[in-house]
>>> print(open('data.cif').read())   # mmCIF, C-alpha atoms
data_model
loop_
_atom_site.group_PDB
_atom_site.id
_atom_site.type_symbol
_atom_site.label_atom_id
_atom_site.label_comp_id
_atom_site.auth_asym_id
_atom_site.auth_seq_id
_atom_site.Cartn_x
_atom_site.Cartn_y
_atom_site.Cartn_z
ATOM 1 C CA MET A 398 8.239 33.714 -13.542
ATOM 2 C CA SER A 399 9.984 30.476 -14.467
ATOM 3 C CA ASN A 400 12.391 30.556 -17.323
ATOM 4 C CA ILE A 401 13.191 27.288 -19.065
ATOM 5 C CA ASP A 402 16.245 27.318 -21.282
ATOM 6 C CA THR A 403 17.275 24.940 -24.054
ATOM 7 C CA LYS A 404 19.529 22.995 -21.688
ATOM 8 C CA THR A 405 16.548 22.231 -19.433
ATOM 9 C CA VAL A 406 14.414 21.224 -22.432
ATOM 10 C CA ALA A 407 17.173 18.874 -23.602
ATOM 11 C CA LYS A 408 17.354 17.318 -20.141
ATOM 12 C CA ILE A 409 13.564 16.876 -19.973
ATOM 13 C CA ALA A 410 13.598 15.275 -23.430
ATOM 14 C CA ARG A 411 16.401 12.910 -22.415
ATOM 15 C CA LEU A 412 14.661 11.913 -19.170
ATOM 16 C CA SER A 413 11.398 11.264 -21.003
ATOM 17 C CA ARG A 414 13.259 9.403 -23.742
ATOM 18 C CA ILE A 415 11.988 11.701 -26.483
ATOM 19 C CA LYS A 416 14.383 12.509 -29.312
ATOM 20 C CA VAL A 417 14.303 16.243 -29.997
ATOM 21 C CA ALA A 418 16.447 17.820 -32.683
ATOM 22 C CA ASP A 419 18.695 20.675 -31.598
ATOM 23 C CA ASP A 420 16.862 23.168 -33.820
ATOM 24 C CA LYS A 421 13.570 22.320 -32.042
ATOM 25 C CA LEU A 422 14.876 23.004 -28.509
ATOM 26 C CA GLU A 423 14.468 26.800 -28.663
ATOM 27 C CA PRO A 424 10.803 26.732 -29.854
ATOM 28 C CA LEU A 425 9.989 24.084 -27.232
ATOM 29 C CA ALA A 426 11.547 26.221 -24.524
ATOM 30 C CA GLY A 427 9.318 29.115 -25.595
ATOM 31 C CA GLU A 428 6.203 26.917 -25.552
ATOM 32 C CA LEU A 429 7.017 25.528 -22.110
ATOM 33 C CA ASN A 430 7.618 29.037 -20.776
ATOM 34 C CA ASN A 431 4.208 30.092 -22.144
ATOM 35 C CA ILE A 432 2.540 27.112 -20.450
ATOM 36 C CA LEU A 433 4.220 27.878 -17.140
ATOM 37 C CA GLY A 434 3.167 31.504 -17.518
ATOM 38 C CA TRP A 435 -0.473 30.406 -17.794
ATOM 39 C CA VAL A 436 -0.070 28.175 -14.736
ATOM 40 C CA GLU A 437 1.367 31.079 -12.750
ATOM 41 C CA GLN A 438 -1.530 33.241 -13.931
ATOM 42 C CA LEU A 439 -3.989 30.604 -12.660
ATOM 43 C CA GLU A 440 -2.330 30.717 -9.234
ATOM 44 C CA GLU A 441 -3.509 34.323 -8.910
ATOM 45 C CA VAL A 442 -7.197 33.324 -9.056
ATOM 46 C CA ASN A 443 -8.954 33.522 -5.679
ATOM 47 C CA THR A 444 -10.578 30.146 -4.986
ATOM 48 C CA ASP A 445 -11.174 30.551 -1.245
ATOM 49 C CA ASN A 446 -14.977 30.208 -1.366
ATOM 50 C CA VAL A 447 -15.149 27.703 -4.217
ATOM 51 C CA GLU A 448 -16.064 24.163 -3.263
ATOM 52 C CA PRO A 449 -14.163 21.392 -4.998
ATOM 53 C CA MET A 450 -16.173 19.394 -7.493
ATOM 54 C CA SER A 451 -15.736 16.045 -9.152
ATOM 55 C CA SER A 452 -17.792 16.904 -12.218
ATOM 56 C CA VAL A 453 -19.094 19.964 -13.997
ATOM 57 C CA VAL A 454 -22.576 18.423 -13.882
ATOM 58 C CA ASP A 455 -24.219 18.164 -10.455
ATOM 59 C CA VAL A 456 -25.357 14.539 -10.597
ATOM 60 C CA LYS A 457 -25.895 12.191 -7.675
ATOM 61 C CA LEU A 458 -24.670 8.636 -8.008
ATOM 62 C CA ARG A 459 -27.273 5.929 -8.074
ATOM 63 C CA TRP A 460 -26.678 3.494 -5.247
ATOM 64 C CA ARG A 461 -27.599 -0.155 -5.262
ATOM 65 C CA ALA A 462 -27.535 -2.719 -2.518
ATOM 66 C CA ASP A 463 -24.477 -4.942 -2.478
ATOM 67 C CA GLN A 464 -25.521 -8.518 -3.067
ATOM 68 C CA VAL A 465 -22.929 -11.253 -3.074
ATOM 69 C CA THR A 466 -23.844 -14.084 -5.422
ATOM 70 C CA ASP A 467 -21.968 -16.808 -7.217
ATOM 71 C CA GLY A 468 -23.446 -15.620 -10.523
ATOM 72 C CA ASN A 469 -25.275 -18.905 -11.099
ATOM 73 C CA LYS A 470 -23.015 -19.593 -14.073
ATOM 74 C CA GLN A 471 -20.870 -22.432 -12.792
ATOM 75 C CA GLU A 472 -21.875 -24.885 -15.511
ATOM 76 C CA SER A 473 -21.383 -22.422 -18.379
ATOM 77 C CA VAL A 474 -17.978 -21.366 -17.017
ATOM 78 C CA LEU A 475 -16.810 -24.944 -16.572
ATOM 79 C CA LYS A 476 -17.797 -25.759 -20.165
ATOM 80 C CA ASN A 477 -14.629 -23.907 -21.215
ATOM 81 C CA ALA A 478 -12.415 -25.903 -18.871
ATOM 82 C CA PRO A 479 -10.411 -28.774 -20.368
ATOM 83 C CA ASN A 480 -10.886 -30.666 -17.101
ATOM 84 C CA SER A 481 -13.087 -30.108 -14.054
ATOM 85 C CA GLU A 482 -13.775 -31.933 -10.802
ATOM 86 C CA TYR A 483 -16.377 -31.329 -8.090
ATOM 87 C CA GLY A 484 -17.510 -28.088 -9.740
ATOM 88 C CA PHE A 485 -13.998 -26.563 -9.951
ATOM 89 C CA PHE A 486 -11.279 -26.233 -12.569
ATOM 90 C CA ALA A 487 -8.920 -29.201 -12.375
ATOM 91 C CA VAL A 488 -5.279 -28.471 -13.076
ATOM 92 C CA PRO A 489 -2.279 -30.760 -13.082
ATOM 93 C CA LYS A 490 -0.226 -30.874 -9.913
ATOM 94 C CA VAL A 491 2.992 -28.874 -10.158
ATOM 95 C CA ILE A 492 5.813 -29.647 -7.742
ATOM 96 C CA GLU A 493 9.163 -27.958 -7.937
#
>>> encode(input="data.cif", output="structure tokens")
Amino acid sequence: MSNIDTKTVAKIARLSRIKVADDKLEPLAGELNNILGWVEQLEEVNTDNVEPMSSVVDVKLRWRADQVTDGNKQESVLKNAPNSEYGFFAVPKVIE
């Protein structure tokens, strides 16, 4: 079983840029040790015949055909442009 001490908690807090008061280090170490204990307990579970799943609900995704279109919104999009030419946004030339 992993054992996290107050020095390790202080280092984790410093690396994560979280200010933790010295009197809070000991309780945090206990909480982290409890969490790691639960993780180690989960490692004991036999999952050999369990298929991985992406959701707890068995739902199939609805597929649609890919159709490439221009959206037919060229005029409404160009209404927002301060300047347009030939159906495109016109921008000033920038040369460095």
>>> residues_around(input="data.cif", residues="Leu475 (chain A)", least_positions_apart="4", cutoff="12 Å", atoms="all atoms listed in the file", output="ChimeraX atom specification")
/A:469-471,479-487
>>> closest_residue(input="data.cif", among="A:Val474, A:Ala462, A:Ile401, A:Val491", to="Asn431 (chain A)", atoms="only C-alpha atoms")
A:Ile401
>>> resolve_selection(input="data.cif", expression="the PyMOL selection byres ((chain A and resi 402-411) around 8)", output="ChimeraX atom specification")
/A:400-401,412-417,422-423,425-426
>>> atom_distance(input="data.cif", atom1="CA of Met450 (chain A)", atom2="CA of Ile432 (chain A)")
24.0 Å
>>> atom_distance(input="data.cif", atom1="CA of Pro424 (chain A)", atom2="CA of Val442 (chain A)")
28.3 Å
>>> atom_distance(input="data.cif", atom1="CA of Gly434 (chain A)", atom2="CA of Ser399 (chain A)")
7.5 Å
>>> axis_aligned_box(input="data.cif", around="region 400-409 of chain A", padding_each_side="5 Å", output="AutoDock Vina command-line options")
--center_x 16.0 --center_y 23.7 --center_z -20.7 --size_x 17.1 --size_y 23.7 --size_z 16.7
>>> build_atoms(input="data.cif", residues="region 469-491 of chain A", atoms="N, CA and C atoms", output="PDB file, in the frame of the given file")
ATOM      1  N   ASN A 469     -24.476 -17.812 -10.553  1.00  0.00           N
ATOM      2  CA  ASN A 469     -25.275 -18.905 -11.099  1.00  0.00           C
ATOM      3  C   ASN A 469     -24.828 -19.287 -12.501  1.00  0.00           C
ATOM      4  N   LYS A 470     -23.545 -19.271 -12.746  1.00  0.00           N
ATOM      5  CA  LYS A 470     -23.015 -19.593 -14.073  1.00  0.00           C
ATOM      6  C   LYS A 470     -21.919 -20.651 -13.995  1.00  0.00           C
ATOM      7  N   GLN A 471     -21.934 -21.461 -12.976  1.00  0.00           N
ATOM      8  CA  GLN A 471     -20.870 -22.432 -12.792  1.00  0.00           C
ATOM      9  C   GLN A 471     -20.778 -23.395 -13.970  1.00  0.00           C
ATOM     10  N   GLU A 472     -21.903 -23.913 -14.415  1.00  0.00           N
ATOM     11  CA  GLU A 472     -21.875 -24.885 -15.511  1.00  0.00           C
ATOM     12  C   GLU A 472     -21.357 -24.259 -16.809  1.00  0.00           C
ATOM     13  N   SER A 473     -21.825 -23.046 -17.127  1.00  0.00           N
ATOM     14  CA  SER A 473     -21.383 -22.422 -18.379  1.00  0.00           C
ATOM     15  C   SER A 473     -19.904 -22.040 -18.321  1.00  0.00           C
ATOM     16  N   VAL A 474     -19.399 -21.691 -17.150  1.00  0.00           N
ATOM     17  CA  VAL A 474     -17.978 -21.366 -17.017  1.00  0.00           C
ATOM     18  C   VAL A 474     -17.133 -22.637 -17.146  1.00  0.00           C
ATOM     19  N   LEU A 475     -17.590 -23.705 -16.529  1.00  0.00           N
ATOM     20  CA  LEU A 475     -16.810 -24.944 -16.572  1.00  0.00           C
ATOM     21  C   LEU A 475     -16.868 -25.626 -17.931  1.00  0.00           C
ATOM     22  N   LYS A 476     -17.770 -25.205 -18.812  1.00  0.00           N
ATOM     23  CA  LYS A 476     -17.797 -25.759 -20.165  1.00  0.00           C
ATOM     24  C   LYS A 476     -16.503 -25.435 -20.897  1.00  0.00           C
ATOM     25  N   ASN A 477     -15.873 -24.320 -20.567  1.00  0.00           N
ATOM     26  CA  ASN A 477     -14.629 -23.907 -21.215  1.00  0.00           C
ATOM     27  C   ASN A 477     -13.402 -24.604 -20.652  1.00  0.00           C
ATOM     28  N   ALA A 478     -13.560 -25.281 -19.530  1.00  0.00           N
ATOM     29  CA  ALA A 478     -12.415 -25.903 -18.871  1.00  0.00           C
ATOM     30  C   ALA A 478     -12.065 -27.225 -19.567  1.00  0.00           C
ATOM     31  N   PRO A 479     -10.784 -27.486 -19.784  1.00  0.00           N
ATOM     32  CA  PRO A 479     -10.411 -28.774 -20.368  1.00  0.00           C
ATOM     33  C   PRO A 479     -10.680 -29.927 -19.404  1.00  0.00           C
ATOM     34  N   ASN A 480     -10.657 -29.623 -18.104  1.00  0.00           N
ATOM     35  CA  ASN A 480     -10.886 -30.666 -17.101  1.00  0.00           C
ATOM     36  C   ASN A 480     -11.474 -30.014 -15.853  1.00  0.00           C
ATOM     37  N   SER A 481     -12.503 -30.641 -15.288  1.00  0.00           N
ATOM     38  CA  SER A 481     -13.087 -30.108 -14.054  1.00  0.00           C
ATOM     39  C   SER A 481     -13.451 -31.253 -13.128  1.00  0.00           C
ATOM     40  N   GLU A 482     -13.408 -30.954 -11.828  1.00  0.00           N
ATOM     41  CA  GLU A 482     -13.775 -31.933 -10.802  1.00  0.00           C
ATOM     42  C   GLU A 482     -14.513 -31.227  -9.685  1.00  0.00           C
ATOM     43  N   TYR A 483     -15.604 -31.820  -9.230  1.00  0.00           N
ATOM     44  CA  TYR A 483     -16.377 -31.329  -8.090  1.00  0.00           C
ATOM     45  C   TYR A 483     -16.818 -29.868  -8.266  1.00  0.00           C
ATOM     46  N   GLY A 484     -17.057 -29.443  -9.495  1.00  0.00           N
ATOM     47  CA  GLY A 484     -17.510 -28.088  -9.740  1.00  0.00           C
ATOM     48  C   GLY A 484     -16.413 -27.036  -9.770  1.00  0.00           C
ATOM     49  N   PHE A 485     -15.138 -27.475  -9.903  1.00  0.00           N
ATOM     50  CA  PHE A 485     -13.998 -26.563  -9.951  1.00  0.00           C
ATOM     51  C   PHE A 485     -13.128 -26.894 -11.155  1.00  0.00           C
ATOM     52  N   PHE A 486     -12.266 -25.952 -11.547  1.00  0.00           N
ATOM     53  CA  PHE A 486     -11.279 -26.233 -12.569  1.00  0.00           C
ATOM     54  C   PHE A 486     -10.283 -27.238 -12.013  1.00  0.00           C
ATOM     55  N   ALA A 487      -9.941 -28.231 -12.790  1.00  0.00           N
ATOM     56  CA  ALA A 487      -8.920 -29.201 -12.375  1.00  0.00           C
ATOM     57  C   ALA A 487      -7.653 -28.908 -13.167  1.00  0.00           C
ATOM     58  N   VAL A 488      -6.557 -28.763 -12.444  1.00  0.00           N
ATOM     59  CA  VAL A 488      -5.279 -28.471 -13.076  1.00  0.00           C
ATOM     60  C   VAL A 488      -4.266 -29.517 -12.651  1.00  0.00           C
ATOM     61  N   PRO A 489      -3.268 -29.768 -13.474  1.00  0.00           N
ATOM     62  CA  PRO A 489      -2.279 -30.760 -13.082  1.00  0.00           C
ATOM     63  C   PRO A 489      -1.452 -30.268 -11.899  1.00  0.00           C
ATOM     64  N   LYS A 490      -1.046 -31.207 -11.086  1.00  0.00           N
ATOM     65  CA  LYS A 490      -0.226 -30.874  -9.913  1.00  0.00           C
ATOM     66  C   LYS A 490       1.163 -30.470 -10.377  1.00  0.00           C
ATOM     67  N   VAL A 491       1.656 -29.380  -9.820  1.00  0.00           N
ATOM     68  CA  VAL A 491       2.992 -28.874 -10.158  1.00  0.00           C
ATOM     69  C   VAL A 491       3.826 -28.871  -8.887  1.00  0.00           C
TER      70      VAL A 491
END
